Each structure stands twice: as C-alpha cells, then as structure tokens.
$ cat my_file.tsv   # TSV, N, CA and C atoms
chain	number	residue	atom	x	y	z
Y	27	MET	N	-163.04	6.53	31.95
Y	27	MET	CA	-161.70	6.90	32.31
Y	27	MET	C	-160.93	7.26	31.05
Y	28	THR	N	-160.30	8.42	31.03
Y	28	THR	CA	-159.53	8.88	29.88
Y	28	THR	C	-158.06	8.58	30.12
Y	29	THR	N	-157.44	8.00	29.11
Y	29	THR	CA	-156.01	7.73	29.18
Y	29	THR	C	-155.29	8.76	28.34
Y	30	GLU	N	-154.46	9.56	28.97
Y	30	GLU	CA	-153.71	10.58	28.27
Y	30	GLU	C	-152.37	10.01	27.84
Y	31	ARG	N	-151.99	10.26	26.59
Y	31	ARG	CA	-150.68	9.83	26.12
Y	31	ARG	C	-149.62	10.68	26.78
Y	32	ARG	N	-148.53	10.06	27.10
Y	32	ARG	CA	-147.41	10.78	27.69
Y	32	ARG	C	-146.28	10.82	26.68
Y	33	TYR	N	-145.97	12.02	26.20
Y	33	TYR	CA	-144.86	12.20	25.29
Y	33	TYR	C	-143.66	12.64	26.11
Y	34	ALA	N	-142.60	11.87	26.04
Y	34	ALA	CA	-141.39	12.20	26.77
Y	34	ALA	C	-140.21	11.55	26.07
Y	35	GLY	N	-139.04	12.13	26.30
Y	35	GLY	CA	-137.86	11.56	25.70
Y	35	GLY	C	-136.61	12.26	26.17
Y	36	GLY	N	-135.54	11.92	25.53
Y	36	GLY	CA	-134.26	12.51	25.88
Y	36	GLY	C	-133.16	11.90	25.06
Y	37	ARG	N	-131.96	12.30	25.38
Y	37	ARG	CA	-130.80	11.84	24.65
Y	37	ARG	C	-130.24	10.56	25.24
Y	38	LEU	N	-129.38	9.93	24.50
Y	38	LEU	CA	-128.77	8.67	24.87
Y	38	LEU	C	-128.10	8.71	26.24
Y	39	CYS	N	-127.44	9.82	26.53
Y	39	CYS	CA	-126.70	9.92	27.80
Y	39	CYS	C	-127.58	10.35	28.97
Y	40	GLY	N	-128.79	10.87	28.69
Y	40	GLY	CA	-129.71	11.31	29.74
Y	40	GLY	C	-129.50	12.73	30.22
Y	41	ALA	N	-128.54	13.46	29.67
Y	41	ALA	CA	-128.25	14.81	30.14
Y	41	ALA	C	-129.34	15.82	29.76
Y	42	VAL	N	-130.07	15.56	28.68
Y	42	VAL	CA	-131.17	16.42	28.25
Y	42	VAL	C	-132.42	15.57	28.15
Y	43	ARG	N	-133.51	16.02	28.78
Y	43	ARG	CA	-134.80	15.34	28.77
Y	43	ARG	C	-135.87	16.34	28.37
Y	44	TRP	N	-136.98	15.84	27.86
Y	44	TRP	CA	-138.13	16.68	27.53
Y	44	TRP	C	-139.41	15.89	27.81
Y	45	SER	N	-140.50	16.63	27.99
Y	45	SER	CA	-141.83	16.04	28.09
Y	45	SER	C	-142.83	17.03	27.52
Y	46	ALA	N	-143.95	16.50	27.05
Y	46	ALA	CA	-145.00	17.34	26.48
Y	46	ALA	C	-146.34	16.89	27.04
Y	47	THR	N	-147.18	17.86	27.37
Y	47	THR	CA	-148.47	17.57	27.99
Y	47	THR	C	-149.62	17.49	27.00
Y	48	ASP	N	-149.44	17.93	25.79
Y	48	ASP	CA	-150.51	17.90	24.78
Y	48	ASP	C	-150.10	17.00	23.61
Y	49	GLU	N	-151.07	16.74	22.74
Y	49	GLU	CA	-150.79	16.01	21.51
Y	49	GLU	C	-149.95	16.89	20.58
Y	50	PRO	N	-149.16	16.29	19.70
Y	50	PRO	CA	-148.40	17.08	18.73
Y	50	PRO	C	-149.32	17.86	17.80
Y	51	LEU	N	-148.89	19.04	17.39
Y	51	LEU	CA	-149.62	19.85	16.43
Y	51	LEU	C	-149.45	19.28	15.02
Y	52	TYR	N	-148.29	18.68	14.76
Y	52	TYR	CA	-147.97	18.08	13.48
Y	52	TYR	C	-146.82	17.09	13.68
Y	53	GLN	N	-146.71	16.14	12.74
Y	53	GLN	CA	-145.65	15.13	12.80
Y	53	GLN	C	-145.25	14.75	11.38
Y	54	GLY	N	-143.98	14.56	11.17
Y	54	GLY	CA	-143.55	14.17	9.84
Y	54	GLY	C	-142.06	13.94	9.72
Y	55	TYR	N	-141.62	13.97	8.46
Y	55	TYR	CA	-140.22	13.77	8.12
Y	55	TYR	C	-139.73	15.00	7.37
Y	56	CYS	N	-138.54	15.48	7.71
Y	56	CYS	CA	-137.92	16.56	6.96
Y	56	CYS	C	-136.70	16.00	6.25
Y	57	CYS	N	-136.68	16.13	4.93
Y	57	CYS	CA	-135.59	15.61	4.12
Y	57	CYS	C	-134.68	16.71	3.60
Y	58	CYS	N	-134.78	17.92	4.17
Y	58	CYS	CA	-133.94	19.02	3.68
Y	58	CYS	C	-132.47	18.70	3.91
Y	59	ALA	N	-131.63	19.30	3.10
Y	59	ALA	CA	-130.18	19.04	3.19
Y	59	ALA	C	-129.64	19.38	4.58
Y	60	ASP	N	-130.14	20.45	5.19
Y	60	ASP	CA	-129.66	20.83	6.52
Y	60	ASP	C	-129.99	19.77	7.56
Y	61	CYS	N	-131.21	19.27	7.57
Y	61	CYS	CA	-131.60	18.22	8.53
Y	61	CYS	C	-130.82	16.95	8.28
Y	62	ARG	N	-130.62	16.60	7.01
Y	62	ARG	CA	-129.84	15.41	6.69
Y	62	ARG	C	-128.43	15.53	7.25
Y	63	LYS	N	-127.80	16.66	7.02
Y	63	LYS	CA	-126.42	16.84	7.48
Y	63	LYS	C	-126.34	16.94	9.00
Y	64	ALA	N	-127.31	17.61	9.62
Y	64	ALA	CA	-127.31	17.75	11.08
Y	64	ALA	C	-127.51	16.41	11.77
Y	65	SER	N	-128.31	15.53	11.15
Y	65	SER	CA	-128.63	14.25	11.78
Y	65	SER	C	-127.71	13.12	11.34
Y	66	GLY	N	-127.06	13.28	10.20
Y	66	GLY	CA	-126.26	12.19	9.67
Y	66	GLY	C	-127.12	11.09	9.09
Y	67	SER	N	-128.37	11.42	8.73
Y	67	SER	CA	-129.31	10.45	8.22
Y	67	SER	C	-129.97	11.01	6.96
Y	68	GLY	N	-130.92	10.29	6.40
Y	68	GLY	CA	-131.60	10.73	5.19
Y	68	GLY	C	-132.73	11.71	5.45
Y	69	PHE	N	-133.12	11.86	6.72
Y	69	PHE	CA	-134.22	12.74	7.10
Y	69	PHE	C	-134.20	12.89	8.62
Y	70	VAL	N	-135.00	13.83	9.10
Y	70	VAL	CA	-135.25	13.97	10.54
Y	70	VAL	C	-136.73	13.74	10.79
Y	71	PRO	N	-137.09	12.77	11.62
Y	71	PRO	CA	-138.49	12.63	12.01
Y	71	PRO	C	-138.79	13.65	13.11
Y	72	PHE	N	-139.87	14.40	12.96
Y	72	PHE	CA	-140.14	15.49	13.90
Y	72	PHE	C	-141.58	15.50	14.36
Y	73	MET	N	-141.79	16.13	15.52
Y	73	MET	CA	-143.12	16.37	16.08
Y	73	MET	C	-143.15	17.82	16.57
Y	74	GLY	N	-144.18	18.55	16.20
Y	74	GLY	CA	-144.30	19.94	16.64
Y	74	GLY	C	-145.25	20.05	17.81
Y	75	PHE	N	-144.82	20.75	18.85
Y	75	PHE	CA	-145.65	20.99	20.04
Y	75	PHE	C	-145.67	22.49	20.34
Y	76	ALA	N	-146.77	22.96	20.89
Y	76	ALA	CA	-146.81	24.33	21.40
Y	76	ALA	C	-145.75	24.45	22.50
Y	77	ALA	N	-145.03	25.55	22.52
Y	77	ALA	CA	-143.98	25.75	23.52
Y	77	ALA	C	-144.54	25.63	24.93
Y	78	SER	N	-145.77	26.07	25.12
Y	78	SER	CA	-146.38	26.03	26.45
Y	78	SER	C	-146.62	24.60	26.94
Y	79	ALA	N	-146.60	23.63	26.03
Y	79	ALA	CA	-146.85	22.23	26.40
Y	79	ALA	C	-145.56	21.46	26.67
Y	80	VAL	N	-144.41	22.07	26.39
Y	80	VAL	CA	-143.13	21.35	26.47
Y	80	VAL	C	-142.30	21.82	27.66
Y	81	THR	N	-141.73	20.86	28.36
Y	81	THR	CA	-140.77	21.13	29.43
Y	81	THR	C	-139.46	20.47	29.04
Y	82	ILE	N	-138.38	21.22	29.12
Y	82	ILE	CA	-137.06	20.70	28.76
Y	82	ILE	C	-136.16	20.85	29.97
Y	83	SER	N	-135.42	19.79	30.28
Y	83	SER	CA	-134.47	19.86	31.38
Y	83	SER	C	-133.07	19.54	30.86
Y	84	GLY	N	-132.10	20.26	31.37
Y	84	GLY	CA	-130.72	20.10	30.94
Y	84	GLY	C	-130.33	21.22	30.00
Y	85	GLU	N	-129.07	21.52	29.98
Y	85	GLU	CA	-128.54	22.55	29.08
Y	85	GLU	C	-128.39	21.96	27.68
Y	86	THR	N	-128.50	22.82	26.67
Y	86	THR	CA	-128.33	22.36	25.29
Y	86	THR	C	-127.26	23.18	24.59
Y	87	LEU	N	-126.68	22.56	23.59
Y	87	LEU	CA	-125.76	23.23	22.68
Y	87	LEU	C	-126.62	23.78	21.56
Y	88	LYS	N	-126.59	25.09	21.33
Y	88	LYS	CA	-127.42	25.74	20.33
Y	88	LYS	C	-126.64	25.90	19.03
Y	89	VAL	N	-127.19	25.33	17.95
Y	89	VAL	CA	-126.56	25.38	16.64
Y	89	VAL	C	-127.47	26.16	15.71
Y	90	ARG	N	-126.96	27.27	15.18
Y	90	ARG	CA	-127.76	28.14	14.30
Y	90	ARG	C	-127.30	27.99	12.86
Y	91	SER	N	-128.28	28.03	11.94
Y	91	SER	CA	-127.98	27.97	10.51
Y	91	SER	C	-129.04	28.79	9.77
Y	92	PRO	N	-128.77	29.18	8.53
Y	92	PRO	CA	-129.78	29.92	7.77
Y	92	PRO	C	-131.06	29.09	7.60
Y	93	ALA	N	-132.21	29.74	7.73
Y	93	ALA	CA	-133.50	29.07	7.57
Y	93	ALA	C	-133.99	29.22	6.13
Y	94	PHE	N	-134.85	28.32	5.70
Y	94	PHE	CA	-135.38	28.30	4.34
Y	94	PHE	C	-136.05	29.62	3.96
Y	95	ARG	N	-136.83	30.18	4.86
Y	95	ARG	CA	-137.57	31.42	4.57
Y	95	ARG	C	-136.88	32.66	5.13
Y	96	GLY	N	-135.59	32.58	5.34
Y	96	GLY	CA	-134.84	33.70	5.90
Y	96	GLY	C	-134.72	33.56	7.40
Y	97	GLY	N	-133.88	34.35	8.00
Y	97	GLY	CA	-133.66	34.26	9.43
Y	97	GLY	C	-132.77	33.06	9.75
Y	98	GLU	N	-132.92	32.58	10.97
Y	98	GLU	CA	-132.09	31.48	11.44
Y	98	GLU	C	-132.93	30.30	11.91
Y	99	ALA	N	-132.42	29.12	11.67
Y	99	ALA	CA	-132.99	27.90	12.27
Y	99	ALA	C	-132.11	27.58	13.47
Y	100	LEU	N	-132.73	27.21	14.57
Y	100	LEU	CA	-131.98	26.85	15.77
Y	100	LEU	C	-132.24	25.40	16.12
Y	101	ARG	N	-131.19	24.60	16.12
Y	101	ARG	CA	-131.26	23.20	16.55
Y	101	ARG	C	-130.56	23.10	17.89
Y	102	ASN	N	-131.18	22.40	18.81
Y	102	ASN	CA	-130.61	22.20	20.15
Y	102	ASN	C	-130.13	20.77	20.26
Y	103	ALA	N	-128.86	20.63	20.62
Y	103	ALA	CA	-128.25	19.32	20.77
Y	103	ALA	C	-127.76	19.14	22.20
Y	104	CYS	N	-127.54	17.92	22.59
Y	104	CYS	CA	-126.98	17.61	23.90
Y	104	CYS	C	-125.49	17.90	23.87
Y	105	PRO	N	-125.00	18.72	24.79
Y	105	PRO	CA	-123.56	19.02	24.80
Y	105	PRO	C	-122.71	17.84	25.27
Y	106	THR	N	-123.32	16.84	25.89
Y	106	THR	CA	-122.57	15.68	26.39
Y	106	THR	C	-122.39	14.63	25.31
Y	107	CYS	N	-123.50	14.21	24.65
Y	107	CYS	CA	-123.39	13.14	23.65
Y	107	CYS	C	-123.54	13.65	22.22
Y	108	GLY	N	-123.98	14.89	22.03
Y	108	GLY	CA	-124.10	15.48	20.69
Y	108	GLY	C	-125.40	15.20	19.97
Y	109	GLY	N	-126.30	14.43	20.56
Y	109	GLY	CA	-127.56	14.09	19.90
Y	109	GLY	C	-128.50	15.27	19.78
Y	110	LEU	N	-129.18	15.38	18.63
Y	110	LEU	CA	-130.19	16.43	18.44
Y	110	LEU	C	-131.38	16.17	19.35
Y	111	VAL	N	-131.96	17.26	19.88
Y	111	VAL	CA	-133.09	17.12	20.79
Y	111	VAL	C	-134.32	17.84	20.24
Y	112	PHE	N	-134.19	19.13	19.95
Y	112	PHE	CA	-135.34	19.90	19.49
Y	112	PHE	C	-134.91	21.13	18.74
Y	113	GLY	N	-135.86	21.73	18.01
Y	113	GLY	CA	-135.64	22.98	17.31
Y	113	GLY	C	-136.43	24.08	17.98
Y	114	GLY	N	-135.90	25.29	17.92
Y	114	GLY	CA	-136.56	26.46	18.48
Y	114	GLY	C	-135.86	26.95	19.73
Y	115	GLU	N	-136.16	28.19	20.07
Y	115	GLU	CA	-135.52	28.82	21.23
Y	115	GLU	C	-136.50	28.90	22.40
Y	116	VAL	N	-136.12	28.28	23.50
Y	116	VAL	CA	-136.95	28.27	24.71
Y	116	VAL	C	-137.14	29.71	25.19
Y	117	GLY	N	-138.40	30.06	25.50
Y	117	GLY	CA	-138.71	31.40	25.98
Y	117	GLY	C	-138.90	32.43	24.89
Y	118	VAL	N	-138.67	32.03	23.65
Y	118	VAL	CA	-138.80	32.96	22.52
Y	118	VAL	C	-139.84	32.46	21.52
Y	119	ASP	N	-139.71	31.23	21.09
Y	119	ASP	CA	-140.58	30.67	20.05
Y	119	ASP	C	-141.90	30.14	20.62
Y	120	ASP	N	-142.95	30.20	19.80
Y	120	ASP	CA	-144.28	29.73	20.20
Y	120	ASP	C	-144.43	28.21	20.13
Y	121	SER	N	-143.53	27.57	19.38
Y	121	SER	CA	-143.59	26.11	19.26
Y	121	SER	C	-142.18	25.55	19.19
Y	122	HIS	N	-142.09	24.25	19.43
Y	122	HIS	CA	-140.81	23.55	19.34
Y	122	HIS	C	-140.98	22.31	18.50
Y	123	THR	N	-139.97	22.03	17.71
Y	123	THR	CA	-139.94	20.82	16.91
Y	123	THR	C	-139.07	19.81	17.65
Y	124	ILE	N	-139.70	18.80	18.17
Y	124	ILE	CA	-138.98	17.75	18.91
Y	124	ILE	C	-138.57	16.67	17.91
Y	125	TYR	N	-137.35	16.20	18.01
Y	125	TYR	CA	-136.87	15.15	17.12
Y	125	TYR	C	-137.40	13.80	17.64
Y	126	ALA	N	-138.21	13.15	16.82
Y	126	ALA	CA	-138.94	11.95	17.24
Y	126	ALA	C	-138.03	10.80	17.62
Y	127	GLY	N	-136.81	10.78	17.13
Y	127	GLY	CA	-135.87	9.74	17.51
Y	127	GLY	C	-135.53	9.76	18.99
Y	128	SER	N	-135.85	10.86	19.67
Y	128	SER	CA	-135.56	10.97	21.10
Y	128	SER	C	-136.70	10.46	21.98
Y	129	LEU	N	-137.81	10.03	21.38
Y	129	LEU	CA	-138.96	9.54	22.15
Y	129	LEU	C	-138.60	8.32	23.00
Y	130	ASP	N	-139.08	8.28	24.23
Y	130	ASP	CA	-138.94	7.08	25.06
Y	130	ASP	C	-139.78	5.94	24.48
Y	131	ASP	N	-140.97	6.27	23.98
Y	131	ASP	CA	-141.87	5.28	23.38
Y	131	ASP	C	-142.02	5.63	21.89
Y	132	ALA	N	-141.21	5.00	21.06
Y	132	ALA	CA	-141.18	5.31	19.63
Y	132	ALA	C	-142.51	5.06	18.94
Y	133	SER	N	-143.39	4.24	19.52
Y	133	SER	CA	-144.68	3.95	18.90
Y	133	SER	C	-145.61	5.16	18.88
Y	134	LEU	N	-145.29	6.21	19.63
Y	134	LEU	CA	-146.13	7.41	19.65
Y	134	LEU	C	-145.94	8.30	18.42
Y	135	PHE	N	-144.90	8.06	17.65
Y	135	PHE	CA	-144.66	8.85	16.44
Y	135	PHE	C	-145.61	8.39	15.35
Y	136	ALA	N	-146.45	9.31	14.85
Y	136	ALA	CA	-147.43	8.99	13.81
Y	136	ALA	C	-147.34	10.06	12.72
Y	137	PRO	N	-146.37	9.95	11.82
Y	137	PRO	CA	-146.15	10.99	10.81
Y	137	PRO	C	-147.31	11.12	9.83
Y	138	THR	N	-147.57	12.35	9.42
Y	138	THR	CA	-148.62	12.61	8.43
Y	138	THR	C	-148.10	13.35	7.22
Y	139	MET	N	-146.84	13.82	7.25
Y	139	MET	CA	-146.30	14.62	6.15
Y	139	MET	C	-144.82	14.37	5.95
Y	140	ALA	N	-144.34	14.76	4.77
Y	140	ALA	CA	-142.92	14.73	4.45
Y	140	ALA	C	-142.58	16.04	3.76
Y	141	LEU	N	-141.55	16.72	4.28
Y	141	LEU	CA	-141.14	18.02	3.77
Y	141	LEU	C	-139.83	17.93	2.99
Y	142	PHE	N	-139.63	18.88	2.10
Y	142	PHE	CA	-138.41	19.02	1.31
Y	142	PHE	C	-138.07	17.77	0.50
Y	143	LEU	N	-139.10	17.27	-0.21
Y	143	LEU	CA	-138.85	16.12	-1.07
Y	143	LEU	C	-137.87	16.45	-2.18
Y	144	ARG	N	-137.70	17.73	-2.49
Y	144	ARG	CA	-136.73	18.11	-3.52
Y	144	ARG	C	-135.31	17.70	-3.12
Y	145	ASP	N	-135.06	17.57	-1.83
Y	145	ASP	CA	-133.72	17.22	-1.32
Y	145	ASP	C	-133.61	15.76	-0.90
Y	146	LYS	N	-134.69	14.99	-0.99
Y	146	LYS	CA	-134.69	13.60	-0.49
Y	146	LYS	C	-133.80	12.73	-1.36
Y	147	PRO	N	-132.84	12.02	-0.73
Y	147	PRO	CA	-132.04	11.08	-1.51
Y	147	PRO	C	-132.89	9.93	-2.03
Y	148	GLY	N	-132.52	9.36	-3.14
Y	148	GLY	CA	-133.26	8.25	-3.73
Y	148	GLY	C	-133.32	7.02	-2.83
Y	149	TRP	N	-132.36	6.86	-1.93
Y	149	TRP	CA	-132.33	5.69	-1.05
Y	149	TRP	C	-133.23	5.81	0.16
Y	150	VAL	N	-133.87	6.97	0.34
Y	150	VAL	CA	-134.81	7.14	1.45
Y	150	VAL	C	-136.20	6.71	0.97
Y	151	VAL	N	-136.79	5.74	1.65
Y	151	VAL	CA	-138.13	5.27	1.34
Y	151	VAL	C	-139.05	5.71	2.47
Y	152	LEU	N	-140.03	6.52	2.13
Y	152	LEU	CA	-140.98	7.04	3.12
Y	152	LEU	C	-142.27	6.22	3.09
Y	153	PRO	N	-143.01	6.18	4.19
Y	153	PRO	CA	-144.29	5.46	4.20
Y	153	PRO	C	-145.28	6.06	3.20
Y	154	GLU	N	-146.16	5.23	2.70
Y	154	GLU	CA	-147.21	5.70	1.78
Y	154	GLU	C	-148.26	6.47	2.56
Y	155	GLY	N	-148.98	7.35	1.85
Y	155	GLY	CA	-150.11	8.04	2.43
Y	155	GLY	C	-149.79	9.36	3.11
Y	156	LEU	N	-148.54	9.79	3.06
Y	156	LEU	CA	-148.17	11.07	3.67
Y	156	LEU	C	-148.51	12.23	2.75
Y	157	ALA	N	-148.86	13.37	3.32
Y	157	ALA	CA	-148.93	14.60	2.54
Y	157	ALA	C	-147.49	14.98	2.24
Y	158	THR	N	-147.17	15.28	0.99
Y	158	THR	CA	-145.79	15.57	0.60
Y	158	THR	C	-145.66	16.99	0.07
Y	159	PHE	N	-144.50	17.57	0.34
Y	159	PHE	CA	-144.22	18.95	-0.05
Y	159	PHE	C	-142.80	19.04	-0.60
Y	160	GLU	N	-142.63	19.72	-1.71
Y	160	GLU	CA	-141.31	19.90	-2.30
Y	160	GLU	C	-140.40	20.72	-1.39
Y	161	THR	N	-140.98	21.70	-0.68
Y	161	THR	CA	-140.23	22.50	0.30
Y	161	THR	C	-141.06	22.55	1.57
Y	162	MET	N	-141.30	23.76	2.10
Y	162	MET	CA	-142.15	23.93	3.28
Y	162	MET	C	-143.57	24.22	2.83
Y	163	PRO	N	-144.57	23.65	3.50
Y	163	PRO	CA	-145.96	24.00	3.14
Y	163	PRO	C	-146.24	25.45	3.51
Y	164	ASP	N	-147.21	26.05	2.83
Y	164	ASP	CA	-147.58	27.44	3.12
Y	164	ASP	C	-148.23	27.57	4.48
$ encode --input "my_file.tsv" --output "structure tokens"
Amino acid sequence: MTTERRYAGGRLCGAVRWSATDEPLYQGYCCCADCRKASGSGFVPFMGFAASAVTISGETLKVRSPAFRGGEALRNACPTCGGLVFGGEVGVDDSHTIYAGSLDDASLFAPTMALFLRDKPGWVVLPEGLATFETMPD
C-alpha cells in the first residue's frame, strides 16, 4: 500500500486555500530583500510545484514587483487577512512557489536550499546542510 503525502494549506482566515497532488520540485528559504519586506520576516520558506499539480481556491490580491532577472515577480496574498499564499500567475506560469508557512501540516516542509544569502540579515540562522546561493542559482 502506497501512502501519498497530501500537501495543502491556506491563509489564517480561510479565504484562500491551495492543494498540490505531487511532491515539491524544490524547497528552501529565500532571504532576498523583497521577500523579507513582503513577509515581514527574515526570509520566506517556499516550495515549488508544477502549476498542473496545484489547485487554488479563493480570490487573491496580486502584488507585482521587479524580479531579480528582469520582468516582474508576482506574489499572491489573501485580500481578507493579507497573508502571502503563493508566487506566480495562475493560467500563465508553469510553476508556482507556495509559501510554506501556509501549510496545514508544517512537518511536510523539507528545505534543501537557501537563496539570496547576500541579503540575509545576521540574525537569521538557517539549518546546516543546505545548498546556498548568493543570489538565484543558474
């Protein structure tokens, strides 16, 4: 018998929910200045899923900002409570970055990398053994 992990989560108020049918493509921490300011924390814990594996329910507030490699970064927040939910545009992007803090079962988050260490505040302590990158990996 195979037990499939169920990835699901949502915001504090319940107005926005998500679920994913596959394992994450990648998981880690982003310490870039934009993620820090958007989250009000020292980093954003994230999980990347193929867009085809993710279902999102509820309307989101779309916040756009300049992206590291040009273009725009799109963060989706709950318009009711303001909590960040995911990155990427539904129906446009091939993958979505789900904010791991929204997981119903926080034990499913298993980070393997840390991005934008150049922007990491000294007071942020990350777990040992992560692949680390000064900016975005190639």
$ closest_residue --input "my_file.tsv" --among "Y:Tyr125, Y:Phe94, Y:Tyr33, Y:Phe112" --to "Phe72 (chain Y)" --atoms "all atoms listed in the file"
Y:Tyr125
$ atom_distance --input "my_file.tsv" --atom1 "CA of Leu38 (chain Y)" --atom2 "CA of Ala77 (chain Y)"
22.9 Å
$ residues_near_point --input "my_file.tsv" --point "(-137.5, 7.9, 24.2)" --cutoff "5 Å" --atoms "all atoms listed in the file" --output "PyMOL selection string"
chain Y and resi 34-36+128-131
$ write_last_selection --input "my_file.tsv" --atoms "N, CA and C atoms" --output "compact mmCIF listing (two decimals), keeping the file's coordinate frame"
# COMPACT_ATOMS: atom_id res chain seq x y z
N ALA Y 34 -142.60 11.87 26.04
CA ALA Y 34 -141.39 12.20 26.77
C ALA Y 34 -140.21 11.55 26.07
N GLY Y 35 -139.04 12.13 26.30
CA GLY Y 35 -137.86 11.56 25.70
C GLY Y 35 -136.61 12.26 26.17
N GLY Y 36 -135.54 11.92 25.53
CA GLY Y 36 -134.26 12.51 25.88
C GLY Y 36 -133.16 11.90 25.06
N SER Y 128 -135.85 10.86 19.67
CA SER Y 128 -135.56 10.97 21.10
C SER Y 128 -136.70 10.46 21.98
N LEU Y 129 -137.81 10.03 21.38
CA LEU Y 129 -138.96 9.54 22.15
C LEU Y 129 -138.60 8.32 23.00
N ASP Y 130 -139.08 8.28 24.23
CA ASP Y 130 -138.94 7.08 25.06
C ASP Y 130 -139.78 5.94 24.48
N ASP Y 131 -140.97 6.27 23.98
CA ASP Y 131 -141.87 5.28 23.38
C ASP Y 131 -142.02 5.63 21.89
$ closest_residue --input "my_file.tsv" --among "Y:Ser91, Y:Thr123, Y:Thr86, Y:Ser133" --to "Thr106 (chain Y)" --atoms "all atoms listed in the file"
Y:Thr86
$ residues_around --input "my_file.tsv" --residues "Ala103 (chain Y)" --least-positions-apart "2" --cutoff "10 Å" --atoms "only C-alpha atoms" --output "list in words"
Arg37, Val42, Ala64, Glu85, Thr86, Leu87, Lys88, Val89, Leu100, Arg101, Pro105, Thr106, Cys107, Gly108, Gly109, Leu110, Val111, Phe112 and Gly113 of chain Y
$ atom_distance --input "my_file.tsv" --atom1 "CA of Cys61 (chain Y)" --atom2 "atom C of Val116 (chain Y)"
21.0 Å
$ atom_distance --input "my_file.tsv" --atom1 "CA of Leu143 (chain Y)" --atom2 "atom C of Lys63 (chain Y)"
16.1 Å
$ build_atoms --input "my_file.tsv" --residues "region 127-140 of chain Y" --atoms "N, CA, C and O atoms" --output "mmCIF file, in the coordinates of the input"
data_model
loop_
_atom_site.group_PDB
_atom_site.id
_atom_site.type_symbol
_atom_site.label_atom_id
_atom_site.label_comp_id
_atom_site.auth_asym_id
_atom_site.auth_seq_id
_atom_site.Cartn_x
_atom_site.Cartn_y
_atom_site.Cartn_z
ATOM 1 N N GLY Y 127 -136.810 10.780 17.130
ATOM 2 C CA GLY Y 127 -135.870 9.740 17.510
ATOM 3 C C GLY Y 127 -135.530 9.760 18.990
ATOM 4 O O GLY Y 127 -135.015 8.769 19.529
ATOM 5 N N SER Y 128 -135.850 10.860 19.670
ATOM 6 C CA SER Y 128 -135.560 10.970 21.100
ATOM 7 C C SER Y 128 -136.700 10.460 21.980
ATOM 8 O O SER Y 128 -136.576 10.457 23.205
ATOM 9 N N LEU Y 129 -137.810 10.030 21.380
ATOM 10 C CA LEU Y 129 -138.960 9.540 22.150
ATOM 11 C C LEU Y 129 -138.600 8.320 23.000
ATOM 12 O O LEU Y 129 -137.907 7.410 22.523
ATOM 13 N N ASP Y 130 -139.080 8.280 24.230
ATOM 14 C CA ASP Y 130 -138.940 7.080 25.060
ATOM 15 C C ASP Y 130 -139.780 5.940 24.480
ATOM 16 O O ASP Y 130 -139.369 4.787 24.500
ATOM 17 N N ASP Y 131 -140.970 6.270 23.980
ATOM 18 C CA ASP Y 131 -141.870 5.280 23.380
ATOM 19 C C ASP Y 131 -142.020 5.630 21.890
ATOM 20 O O ASP Y 131 -142.838 6.463 21.508
ATOM 21 N N ALA Y 132 -141.210 5.000 21.060
ATOM 22 C CA ALA Y 132 -141.180 5.310 19.630
ATOM 23 C C ALA Y 132 -142.510 5.060 18.940
ATOM 24 O O ALA Y 132 -142.782 5.637 17.881
ATOM 25 N N SER Y 133 -143.390 4.240 19.520
ATOM 26 C CA SER Y 133 -144.680 3.950 18.900
ATOM 27 C C SER Y 133 -145.610 5.160 18.880
ATOM 28 O O SER Y 133 -146.614 5.156 18.173
ATOM 29 N N LEU Y 134 -145.290 6.210 19.630
ATOM 30 C CA LEU Y 134 -146.130 7.410 19.650
ATOM 31 C C LEU Y 134 -145.940 8.300 18.420
ATOM 32 O O LEU Y 134 -146.736 9.193 18.173
ATOM 33 N N PHE Y 135 -144.900 8.060 17.650
ATOM 34 C CA PHE Y 135 -144.660 8.850 16.440
ATOM 35 C C PHE Y 135 -145.610 8.390 15.350
ATOM 36 O O PHE Y 135 -145.629 7.213 14.981
ATOM 37 N N ALA Y 136 -146.450 9.310 14.850
ATOM 38 C CA ALA Y 136 -147.430 8.990 13.810
ATOM 39 C C ALA Y 136 -147.340 10.060 12.720
ATOM 40 O O ALA Y 136 -148.138 10.999 12.671
ATOM 41 N N PRO Y 137 -146.370 9.950 11.820
ATOM 42 C CA PRO Y 137 -146.150 10.990 10.810
ATOM 43 C C PRO Y 137 -147.310 11.120 9.830
ATOM 44 O O PRO Y 137 -147.942 10.116 9.471
ATOM 45 N N THR Y 138 -147.570 12.350 9.420
ATOM 46 C CA THR Y 138 -148.620 12.610 8.430
ATOM 47 C C THR Y 138 -148.100 13.350 7.220
ATOM 48 O O THR Y 138 -148.831 13.522 6.252
ATOM 49 N N MET Y 139 -146.840 13.820 7.250
ATOM 50 C CA MET Y 139 -146.300 14.620 6.150
ATOM 51 C C MET Y 139 -144.820 14.370 5.950
ATOM 52 O O MET Y 139 -144.148 13.848 6.839
ATOM 53 N N ALA Y 140 -144.340 14.760 4.770
ATOM 54 C CA ALA Y 140 -142.920 14.730 4.450
ATOM 55 C C ALA Y 140 -142.580 16.040 3.760
ATOM 56 O O ALA Y 140 -143.251 16.447 2.802
#
